[in-house]
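**Student:** Data: data20.txt, compact mmCIF, C-alpha atoms.
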```txt
# COMPACT_ATOMS: atom_id res chain seq x y z
CA MET A 1 -5.75 -6.66 1.54
CA THR A 2 -2.41 -6.64 3.34
CA ALA A 3 -2.29 -8.36 6.73
CA ALA A 4 0.79 -8.65 8.93
CA ARG A 5 0.99 -10.23 12.33
CA SER A 6 3.42 -10.29 15.22
CA ASP A 7 2.92 -11.52 18.77
CA LYS A 8 1.93 -8.02 19.81
CA VAL A 9 0.55 -6.10 16.81
CA VAL A 10 -1.80 -7.27 14.07
CA SER A 11 -1.69 -4.90 11.10
CA LEU A 12 -4.44 -4.77 8.48
CA GLY A 13 -4.67 -2.73 5.30
CA CYS A 14 -2.05 -0.53 3.73
CA ARG A 15 1.73 -0.41 3.88
CA LEU A 16 1.46 2.76 5.94
CA ASN A 17 -0.24 0.71 8.64
CA ILE A 18 2.62 -1.80 8.49
CA SER A 19 5.14 0.99 8.99
CA GLU A 20 3.17 2.40 11.92
CA SER A 21 2.68 -1.06 13.42
CA GLU A 22 6.45 -1.53 13.58
CA GLN A 23 6.75 1.67 15.59
CA ILE A 24 3.87 0.66 17.87
CA GLU A 25 5.52 -2.70 18.44
CA ALA A 26 8.75 -0.95 19.41
CA MET A 27 6.96 1.33 21.86
CA LEU A 28 5.27 -1.66 23.49
CA ALA A 29 8.42 -3.81 23.61
CA GLY A 30 8.33 -3.93 27.41
CA GLU A 31 4.60 -4.64 27.65
CA ASP A 32 3.97 -8.40 27.77
CA ASP A 33 0.20 -8.49 28.16
CA VAL A 34 -0.98 -6.14 25.39
CA VAL A 35 -2.29 -7.00 21.92
CA VAL A 36 -2.96 -4.26 19.36
CA ILE A 37 -5.15 -4.46 16.27
CA ASN A 38 -4.05 -1.74 13.81
CA SER A 39 -7.26 -1.65 11.81
CA CYS A 40 -8.40 -0.72 8.32
CA ALA A 41 -11.67 0.80 7.12
CA VAL A 42 -11.10 1.33 3.40
CA THR A 43 -13.97 -1.05 2.54
CA SER A 44 -16.72 -2.82 4.43
CA GLU A 45 -14.74 -6.03 3.90
CA ALA A 46 -11.75 -4.40 5.63
CA VAL A 47 -13.96 -3.59 8.61
CA ARG A 48 -15.23 -7.19 8.65
CA GLN A 49 -11.65 -8.47 8.66
CA THR A 50 -10.82 -6.05 11.48
CA ARG A 51 -13.64 -7.47 13.60
CA GLN A 52 -12.51 -10.98 12.73
CA ALA A 53 -8.93 -10.16 13.77
CA ILE A 54 -10.19 -8.78 17.09
CA ARG A 55 -12.09 -11.99 17.88
CA LYS A 56 -9.16 -14.17 16.82
CA ALA A 57 -6.70 -12.18 18.95
CA ARG A 58 -8.96 -12.39 22.00
CA LYS A 59 -9.32 -16.15 21.57
CA ALA A 60 -5.54 -16.55 21.26
CA LYS A 61 -4.79 -14.36 24.30
CA PRO A 62 -7.85 -14.26 26.56
CA ASP A 63 -6.04 -12.48 29.40
CA ALA A 64 -4.26 -9.79 27.37
CA ARG A 65 -5.34 -6.15 27.19
CA LEU A 66 -6.71 -5.80 23.66
CA LEU A 67 -6.49 -2.33 22.11
CA VAL A 68 -7.66 -1.20 18.67
CA THR A 69 -6.24 1.67 16.65
CA GLY A 70 -6.13 2.54 12.93
CA CYS A 71 -8.76 4.00 10.63
CA ALA A 72 -11.60 1.74 11.78
CA ALA A 73 -10.99 2.79 15.38
CA ASP A 74 -12.08 6.30 14.34
CA ILE A 75 -14.56 5.66 11.54
CA GLU A 76 -16.27 2.65 13.18
CA ARG A 77 -15.61 3.76 16.75
CA GLU A 78 -19.07 3.07 18.16
CA GLN A 79 -19.33 -0.41 16.65
CA LEU A 80 -15.83 -1.52 17.69
CA SER A 81 -16.08 -0.14 21.20
CA ALA A 82 -19.25 -2.20 21.67
CA MET A 83 -17.39 -5.44 20.98
CA PRO A 84 -16.89 -7.32 24.27
CA GLU A 85 -13.40 -8.41 23.19
CA VAL A 86 -12.14 -4.80 23.00
CA ASP A 87 -10.61 -3.17 26.09
CA GLY A 88 -9.93 0.21 24.55
CA LEU A 89 -9.51 2.32 21.40
CA ILE A 90 -6.54 4.52 20.51
CA ALA A 91 -7.31 7.39 18.12
CA ASN A 92 -5.60 6.97 14.76
CA THR A 93 -3.97 10.40 15.03
CA ARG A 94 -2.41 9.45 18.40
CA LYS A 95 -1.19 5.94 17.71
CA LEU A 96 2.47 6.98 17.35
CA ASP A 97 2.39 9.04 20.54
CA PRO A 98 3.92 7.01 23.42
CA ARG A 99 1.63 8.83 25.87
CA ALA A 100 -1.40 7.19 24.24
CA TRP A 101 0.01 3.79 25.22
CA ASN A 102 1.27 4.85 28.67
CA VAL A 103 4.88 4.05 27.81
CA PRO A 104 8.01 6.17 28.35
CA LEU A 105 8.57 9.01 25.88
CA ASP A 106 12.05 7.72 25.11
CA ALA A 107 10.79 4.35 23.86
CA PRO A 108 12.79 3.07 20.86
CA PRO A 109 11.40 4.41 17.57
CA HIS A 110 11.94 1.27 15.51
CA VAL A 111 11.87 -2.49 15.77
CA PRO A 112 14.91 -4.48 14.63
CA ALA A 113 15.68 -4.51 10.93
CA ARG A 114 13.31 -6.08 8.42
CA THR A 115 14.22 -7.27 4.96
CA ARG A 116 12.23 -4.29 3.69
CA ALA A 117 11.92 -1.21 5.88
CA PHE A 118 8.78 0.90 5.49
CA ILE A 119 9.05 4.65 6.07
CA ALA A 120 5.86 6.71 6.25
CA VAL A 121 6.97 9.97 4.63
CA GLN A 122 3.43 11.34 4.44
CA ASN A 123 0.09 10.90 6.21
CA GLY A 124 -3.47 12.10 5.70
CA CYS A 125 -5.17 13.34 2.54
CA ASP A 126 -6.50 16.70 1.31
CA HIS A 127 -8.55 15.26 -1.56
CA ALA A 128 -12.21 14.35 -1.50
CA CYS A 129 -12.71 11.26 -3.66
CA THR A 130 -16.40 10.48 -3.45
CA PHE A 131 -15.90 6.82 -2.46
CA CYS A 132 -13.17 7.29 0.13
CA VAL A 133 -13.57 7.32 3.89
CA ILE A 134 -9.87 7.42 4.75
CA PRO A 135 -9.56 11.25 5.21
CA GLN A 136 -12.08 10.83 8.06
CA GLY A 137 -9.60 8.54 9.81
CA ARG A 138 -6.31 10.15 8.77
CA GLY A 139 -6.96 13.89 8.64
CA LYS A 140 -5.20 16.46 6.46
CA SER A 141 -2.01 15.72 4.55
CA ARG A 142 1.19 16.05 6.58
CA SER A 143 4.71 15.57 5.21
CA MET A 144 7.90 14.47 6.92
CA THR A 145 10.74 16.87 6.19
CA ILE A 146 13.68 15.76 4.08
CA PRO A 147 16.13 15.80 7.05
CA ASP A 148 13.73 13.65 9.09
CA VAL A 149 13.31 11.17 6.22
CA LEU A 150 17.08 10.96 5.76
CA ARG A 151 17.51 10.20 9.45
CA GLN A 152 14.95 7.40 9.21
CA VAL A 153 16.65 5.95 6.13
CA GLU A 154 20.04 6.08 7.85
CA ARG A 155 18.69 4.32 10.92
CA HIS A 156 17.22 1.48 8.86
CA LEU A 157 20.39 1.12 6.79
CA ASP A 158 22.44 0.97 9.98
CA GLN A 159 20.16 -1.87 11.10
CA GLY A 160 20.93 -3.72 7.87
CA ALA A 161 17.76 -3.24 5.80
CA PRO A 162 18.66 -3.82 2.14
CA GLU A 163 15.48 -2.21 0.79
CA ILE A 164 13.62 0.95 1.79
CA VAL A 165 9.94 1.39 0.91
CA LEU A 166 8.44 4.88 1.05
CA THR A 167 4.78 4.90 1.93
CA GLY A 168 1.91 7.17 2.94
CA VAL A 169 -1.80 7.75 2.45
CA ASP A 170 -1.24 9.95 -0.62
CA VAL A 171 2.52 9.80 -1.17
CA THR A 172 2.59 12.05 -4.23
CA SER A 173 1.14 14.90 -2.14
CA TRP A 174 4.35 14.82 -0.09
CA GLY A 175 5.79 18.31 0.20
CA HIS A 176 2.60 20.27 -0.45
CA ASP A 177 2.57 21.46 3.17
CA LEU A 178 6.32 22.13 3.43
CA THR A 179 8.12 25.41 2.79
CA GLY A 180 8.56 25.87 -0.94
CA THR A 181 6.20 22.94 -1.70
CA PRO A 182 8.97 20.61 -2.94
CA PRO A 183 7.87 17.80 -5.29
CA LEU A 184 8.21 14.16 -4.31
CA GLY A 185 10.99 13.71 -6.84
CA SER A 186 13.22 16.03 -4.82
CA LEU A 187 12.86 13.77 -1.79
CA ILE A 188 13.73 10.65 -3.81
CA ALA A 189 16.74 12.40 -5.33
CA ALA A 190 17.92 13.50 -1.86
CA ILE A 191 17.74 9.92 -0.54
CA LEU A 192 19.64 8.47 -3.50
CA ASN A 193 22.28 11.20 -3.34
CA GLU A 194 22.75 10.96 0.41
CA PHE A 195 23.05 7.16 0.50
CA PRO A 196 25.05 5.86 -2.48
CA ASP A 197 25.23 2.43 -0.80
CA LEU A 198 21.43 2.08 -0.62
CA GLN A 199 20.73 -0.94 -2.79
CA ARG A 200 16.97 -0.75 -3.33
CA LEU A 201 14.42 2.04 -2.97
CA ARG A 202 10.79 1.19 -3.69
CA MET A 203 7.71 3.40 -3.92
CA SER A 204 4.27 2.42 -2.69
CA SER A 205 1.04 3.49 -4.45
CA LEU A 206 1.31 6.79 -6.36
CA ASP A 207 -1.25 9.17 -7.84
CA GLY A 208 -0.06 9.25 -11.45
CA ILE A 209 -1.29 12.78 -12.13
CA GLU A 210 1.14 14.05 -9.49
CA VAL A 211 4.23 12.17 -10.63
CA ASP A 212 6.52 15.17 -11.15
CA PRO A 213 9.21 15.40 -13.88
CA VAL A 214 12.08 14.64 -11.48
CA LEU A 215 10.37 11.50 -10.16
CA GLU A 216 9.47 10.37 -13.68
CA GLU A 217 13.09 10.81 -14.76
CA LEU A 218 14.30 8.79 -11.78
CA PHE A 219 11.89 5.96 -12.59
CA CYS A 220 13.31 5.95 -16.12
CA SER A 221 17.01 6.17 -15.34
CA GLU A 222 17.86 5.26 -11.72
CA GLN A 223 18.50 1.54 -11.30
CA ARG A 224 18.30 1.72 -7.50
CA LEU A 225 14.70 2.97 -7.75
CA MET A 226 12.87 -0.30 -8.28
CA PRO A 227 11.08 -0.77 -11.63
CA HIS A 228 7.69 -1.15 -9.98
CA LEU A 229 5.10 1.61 -10.48
CA HIS A 230 1.83 1.09 -8.61
CA LEU A 231 -0.84 3.60 -9.59
CA SER A 232 -3.84 4.75 -7.59
CA LEU A 233 -5.85 4.40 -10.79
CA GLN A 234 -9.30 3.35 -9.47
CA HIS A 235 -11.05 3.06 -12.85
CA GLY A 236 -10.59 2.98 -16.62
CA HIS A 237 -13.59 5.04 -17.72
CA ASP A 238 -13.53 8.84 -17.71
CA MET A 239 -17.13 9.34 -16.56
CA ILE A 240 -16.63 7.10 -13.55
CA LEU A 241 -13.34 8.86 -12.76
CA LYS A 242 -15.21 12.18 -12.79
CA ARG A 243 -17.95 10.78 -10.52
CA MET A 244 -15.21 9.49 -8.21
CA LYS A 245 -13.79 13.06 -8.23
CA ARG A 246 -10.41 11.78 -9.32
CA ARG A 247 -8.05 14.32 -10.85
CA HIS A 248 -6.90 12.25 -13.83
CA LEU A 249 -8.46 10.78 -16.93
CA ARG A 250 -7.72 7.45 -18.58
CA ALA A 251 -5.39 9.07 -21.11
CA ASP A 252 -3.24 10.57 -18.34
CA ALA A 253 -2.42 7.12 -16.98
CA VAL A 254 -1.90 5.63 -20.44
CA GLU A 255 0.51 8.40 -21.46
CA LEU A 256 2.50 8.27 -18.20
CA VAL A 257 3.02 4.52 -18.45
CA ALA A 258 3.90 4.75 -22.16
CA ARG A 259 6.56 7.41 -21.50
CA ILE A 260 8.22 5.44 -18.72
CA LYS A 261 8.03 2.08 -20.49
CA ALA A 262 9.61 3.58 -23.60
CA ARG A 263 12.74 4.26 -21.56
CA ARG A 264 12.56 1.45 -18.99
CA PRO A 265 10.79 -1.50 -20.60
CA ASP A 266 11.29 -3.77 -17.57
CA ILE A 267 9.08 -1.66 -15.30
CA ALA A 268 6.13 -3.57 -13.83
CA ILE A 269 2.82 -1.76 -13.51
CA GLY A 270 0.43 -2.18 -10.62
CA ALA A 271 -2.87 -0.46 -9.98
CA ASP A 272 -5.83 -0.16 -7.62
CA LEU A 273 -9.15 -0.67 -9.41
CA ILE A 274 -12.69 -0.47 -8.04
CA ALA A 275 -15.37 -2.78 -9.43
CA GLY A 276 -19.04 -1.84 -9.49
CA PHE A 277 -18.85 1.86 -8.62
CA PRO A 278 -22.33 3.44 -8.50
CA THR A 279 -23.81 4.14 -11.98
CA GLU A 280 -21.22 1.87 -13.68
CA ASP A 281 -22.82 0.28 -16.76
CA ASP A 282 -21.53 -2.51 -18.99
CA THR A 283 -19.62 -0.12 -21.25
CA MET A 284 -17.89 1.49 -18.28
CA HIS A 285 -17.00 -1.90 -16.83
CA ALA A 286 -15.57 -2.92 -20.21
CA ALA A 287 -13.32 0.14 -20.12
CA ASN A 288 -12.21 -0.85 -16.62
CA ARG A 289 -11.28 -4.29 -17.94
CA SER A 290 -9.54 -3.02 -21.05
CA ILE A 291 -7.18 -0.70 -19.19
CA ILE A 292 -5.67 -3.77 -17.50
CA HIS A 293 -4.48 -4.96 -20.92
CA GLU A 294 -3.58 -1.49 -22.21
CA LEU A 295 -1.32 -0.69 -19.24
CA GLU A 296 -0.20 -4.32 -18.83
CA ILE A 297 -1.17 -4.31 -15.15
CA VAL A 298 0.53 -7.27 -13.44
CA HIS A 299 0.12 -6.21 -9.81
CA GLY A 300 -3.59 -5.53 -9.47
CA HIS A 301 -5.48 -4.68 -6.29
CA ILE A 302 -9.18 -5.15 -7.07
CA PHE A 303 -11.73 -3.71 -4.67
CA PRO A 304 -15.45 -4.50 -4.99
CA TYR A 305 -17.18 -1.20 -4.30
CA SER A 306 -18.88 -0.91 -0.95
CA PRO A 307 -20.58 2.25 0.34
CA ARG A 308 -18.68 3.88 3.16
CA PRO A 309 -20.28 6.13 5.82
CA ASN A 310 -20.66 9.83 5.07
CA THR A 311 -19.30 9.62 1.51
CA PRO A 312 -21.01 11.13 -1.57
CA ALA A 313 -20.80 7.85 -3.51
CA ALA A 314 -22.93 6.15 -0.86
CA ARG A 315 -25.81 8.45 -1.93
CA MET A 316 -25.46 7.62 -5.64
CA PRO A 317 -27.53 4.90 -7.36
CA GLN A 318 -26.04 1.60 -6.22
CA LEU A 319 -25.44 -1.59 -8.19
CA GLU A 320 -26.66 -4.97 -7.00
CA ARG A 321 -24.08 -6.88 -4.93
CA PRO A 322 -24.02 -9.92 -7.27
CA THR A 323 -23.17 -7.60 -10.17
CA ILE A 324 -20.36 -5.97 -8.20
CA LYS A 325 -18.93 -9.35 -7.17
CA ARG A 326 -19.10 -10.68 -10.74
CA ARG A 327 -17.34 -7.62 -12.14
CA ALA A 328 -14.65 -7.80 -9.46
CA ALA A 329 -14.07 -11.46 -10.35
CA GLU A 330 -13.72 -10.54 -14.02
CA LEU A 331 -11.18 -7.83 -13.22
CA ARG A 332 -9.19 -10.25 -11.06
CA GLN A 333 -9.19 -12.81 -13.86
CA ASP A 334 -8.00 -10.19 -16.34
CA VAL A 335 -5.12 -9.26 -14.02
CA ALA A 336 -4.28 -12.93 -13.50
CA THR A 337 -4.14 -13.49 -17.27
CA GLN A 338 -1.89 -10.47 -17.75
CA ARG A 339 0.27 -11.50 -14.79
CA ASN A 340 0.71 -15.07 -16.03
CA ARG A 341 1.93 -13.81 -19.40
CA TRP A 342 4.38 -11.53 -17.62
CA LEU A 343 5.64 -14.28 -15.32
CA ALA A 344 6.15 -16.58 -18.29
CA ASP A 345 8.31 -13.86 -19.81
CA GLN A 346 10.46 -13.75 -16.65
CA VAL A 347 11.41 -17.44 -16.96
CA GLY A 348 15.04 -17.88 -17.95
CA LYS A 349 16.02 -14.33 -17.02
CA PRO A 350 18.47 -13.72 -14.14
CA LEU A 351 16.65 -11.82 -11.37
CA SER A 352 18.15 -10.06 -8.38
CA VAL A 353 16.01 -11.36 -5.52
CA LEU A 354 15.75 -10.07 -1.95
CA ALA A 355 15.08 -13.11 0.24
CA GLU A 356 12.25 -12.98 2.77
CA ARG A 357 11.77 -15.23 5.81
CA ASP A 358 9.22 -17.54 4.20
CA GLY A 359 11.46 -19.11 1.56
CA THR A 360 10.48 -16.65 -1.15
CA GLY A 361 11.77 -13.26 -2.21
CA TYR A 362 11.05 -10.32 -4.47
CA ALA A 363 12.74 -9.26 -7.68
CA PRO A 364 13.11 -5.52 -8.40
CA ASN A 365 9.88 -5.66 -10.44
CA PHE A 366 8.14 -7.25 -7.41
CA ALA A 367 7.82 -10.66 -9.01
CA ARG A 368 7.70 -13.26 -6.23
CA VAL A 369 10.42 -15.88 -6.53
CA ALA A 370 11.20 -19.12 -4.70
CA VAL A 371 14.56 -18.83 -2.91
CA PRO A 372 16.93 -21.83 -2.62
CA GLU A 373 17.42 -23.35 0.81
CA GLY A 374 20.28 -21.86 2.77
CA VAL A 375 19.80 -18.27 1.54
CA SER A 376 19.33 -16.08 4.59
CA ALA A 377 16.51 -13.55 4.85
CA GLY A 378 17.72 -10.10 3.89
CA THR A 379 20.24 -11.48 1.38
CA ILE A 380 20.12 -10.33 -2.23
CA THR A 381 20.90 -13.21 -4.58
CA THR A 382 20.64 -13.81 -8.33
CA ILE A 383 18.12 -16.47 -9.39
CA THR A 384 17.23 -17.62 -12.89
CA PRO A 385 13.73 -19.16 -12.68
CA THR A 386 12.92 -22.16 -14.87
CA HIS A 387 9.12 -22.03 -14.56
CA PHE A 388 6.30 -20.55 -12.53
CA ASP A 389 3.48 -22.16 -10.60
CA LYS A 390 0.53 -20.40 -8.98
CA GLY A 391 2.13 -16.98 -9.31
CA LEU A 392 5.52 -18.02 -7.91
CA LEU A 393 8.64 -18.07 -10.09
CA GLN A 394 10.76 -21.16 -9.35
```
Would you encode the structure as structure tokens?
**Tutor:**
Amino acid sequence: MTAARSDKVVSLGCRLNISESEQIEAMLAGEDDVVVINSCAVTSEAVRQTRQAIRKARKAKPDARLLVTGCAADIEREQLSAMPEVDGLIANTRKLDPRAWNVPLDAPPHVPARTRAFIAVQNGCDHACTFCVIPQGRGKSRSMTIPDVLRQVERHLDQGAPEIVLTGVDVTSWGHDLTGTPPLGSLIAAILNEFPDLQRLRMSSLDGIEVDPVLEELFCSEQRLMPHLHLSLQHGHDMILKRMKRRHLRADAVELVARIKARRPDIAIGADLIAGFPTEDDTMHAANRSIIHELEIVHGHIFPYSPRPNTPAARMPQLERPTIKRRAAELRQDVATQRNRWLADQVGKPLSVLAERDGTGYAPNFARVAVPEGVSAGTITTITPTHFDKGLLQ
């Protein structure tokens, strides 16, 4: 689970939350005594971490006004509002509205440049996956228009960001609500055409069944689009995918990855996978494990299933928690094994690395690399790693 912290805003969960937290932080730039928890509710563990972050923030700043927004602020509203540490809740749909924070409407829209700038091109979701609570907190899918996205990209580039990351709740549904229903690939092409000096464009999690032909072609042929494809896969067995109400089958993901890898062999595959979904038997779990090897998943996000309120999956026959935890651990180990093989293959190869502020950086394929002392954050430098240790190329 992603967690990002500043003095004013603690962001939990997805990259979309990180993007929104940056805007919240900008709006509250003149407010010295406010702390915001931008929460997550994707799993029960995410809610637990949200509550933990609230208590930690209150302990660190006992006199600050502590406000909670994000998905948990809507989905777990009653429970969070009852916490004595919380002074108020801001509805998730209003968290980018300055009026919700009692700040001027002309507050700056962005914080100073980051090494990677996140742009939320889409929000909400129109699908009804049986395990997912997020549509309850995010609402229907809404897309940012191409001109608005281009303005955001230009602003970040003017601030010096060397990499742009496009994010959203269901990014591949971008455009479905716009005139002419343009595919996501048309947005990516517009960005690359408009900004020839943009060095790195990265996509966040994508629904593989909606990767359109233009986007697939760009992943295969455009070097500025980073070779890092993270799929909202969820499972490797067709029956579980159907019970999840996903719109793809195992073969769809296998064929998509095979087509792209045939033309761009250096692309790194990531995926979200759920362990212990209701009714999952040993054979289904084995299929979940085997897809990690078949797709060569090196960036794996493993989620132990937990029932979420008002979701159909919560009413299905549940597995025992020890079984779910064991299966999640097995999936994580499978990803670690695949990732270690991949990292070993990166040793001795020159990598273009974007330096972060913590002494590490990311290659185009999102391999994490140690950066030599003296390289400033935001600098892109070429590094040839000699070995790797604990997931870090050095």
**Student:** Show which residues sit within 7 Å of stretch 176-182 of chain A, as a list in words. Count only C-alpha atoms, and ignore same-chain residues fewer than 4 positions away.
**Tutor:**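 Using only C-alpha atoms, the neighbours found are Arg142, Ser143 and Ser186 of chain A.
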**Student:** Please produce a file of the residues just selected, as a PDB file, in the frame of the given file, where the atoms kept are C-alpha atoms.
**Tutor:**
```pdb
ATOM      1  CA  ARG A 142       1.190  16.050   6.580  1.00  0.00           C
ATOM      2  CA  SER A 143       4.710  15.570   5.210  1.00  0.00           C
ATOM      3  CA  SER A 186      13.220  16.030  -4.820  1.00  0.00           C
TER       4      SER A 186
END
```
**Student:** So that I can see what lies close to stretch 261-264 of chain A, please list as a ChimeraX atom specification the residues with an atom at most 12 Å from it, counting all atoms listed in the file and leaving out residues fewer than 3 positions away in the same chain.
**Tutor:** /A:216-223,225-229,254-258,267-269,295-296,365
**Student:** Find the distance between atom CA of A:Pro364 and atom CA of A:Pro385 and write it in Å to one decimal.
**Tutor:** 14.3 Å
**Student:** If we count only C-alpha atoms and set the cut-off at 10 Å, which residues sit around A:His127, ignoring sequence neighbours fewer than 6 positions away in its own chain? Please answer as JSON, numbers by chain.
**Tutor:** {"A": [135, 140, 141, 170, 173, 245, 246, 247]}
**Student:** Measuring between all atoms listed in the file, which one of A:Ile75, A:Val86, A:Leu198, A:Ala275 shows the shortest distance to A:Gly139?
**Tutor:** A:Ile75
**Student:** Using all atoms listed in the file, can you tell me which of A:Ile291, A:Ala253, A:Ile119, A:Ala314 comes closest to A:Ile18?
**Tutor:**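 Closest residue, counting all atoms listed in the file: A:Ile119.
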**Student:** What is the distance between atom CA of A:Asp7 and atom CA of A:Glu85, in Å to one decimal?
**Tutor:**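 About the pair atom CA of A:Asp7 and atom CA of A:Glu85: they are 17.2 Å apart.
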**Student:** Which residue gives the smallest distance to A:Arg116 among A:His156, A:His301, A:Lys325, A:Lys242, with all atoms listed in the file counted?
**Tutor:**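 For A:Arg116, the nearest of the candidates is A:His156.
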**Student:** Please measure the separation of atom CA of A:Ala377 and atom CA of A:Gly391, giving the value in Å to one decimal.
**Tutor:**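 Straight-line distance from atom CA of A:Ala377 to atom CA of A:Gly391 works out to 20.5 Å.
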**Student:** Extract, using only C-alpha atoms, all DNA, RNA and protein residues at most 9 Å from stretch 88-100 of chain A, discarding same-chain residues fewer than 4 positions from it, and format them as a list in words.
**Tutor:**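 Listing them by chain and then by number gives Glu20, Ser21, Gln23, Ile24, Met27, Leu28, Asn38, Arg65, Leu66, Leu67, Val68, Thr69, Gly70, Cys71, Ala72, Ala73, Asp74, Arg77, Leu80, Ser81, Pro104, Leu105, Asp106, Ala107, Gly137, Arg138 and Gly139 of chain A.
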**Student:** Let me make sure I understand: among A:Ser290, A:Gln79, A:Ser44, A:Gln152, which one has the smallest atom-to-atom distance to A:Gln338 if we use only C-alpha atoms?
**Tutor:**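 Under the stated criterion, the closest residue is A:Ser290.
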**Student:** Kindly provide, as JSON, the centre and edge lengths (Å, one decimal) of an axis-aligned box around all atoms of stretch 27-37 of chain A given in the file, with 6 Å on each side.
**Tutor:**
```
{"center_x": 1.6, "center_y": -3.6, "center_z": 22.2, "size_x": 25.6, "size_y": 21.8, "size_z": 23.9}
```
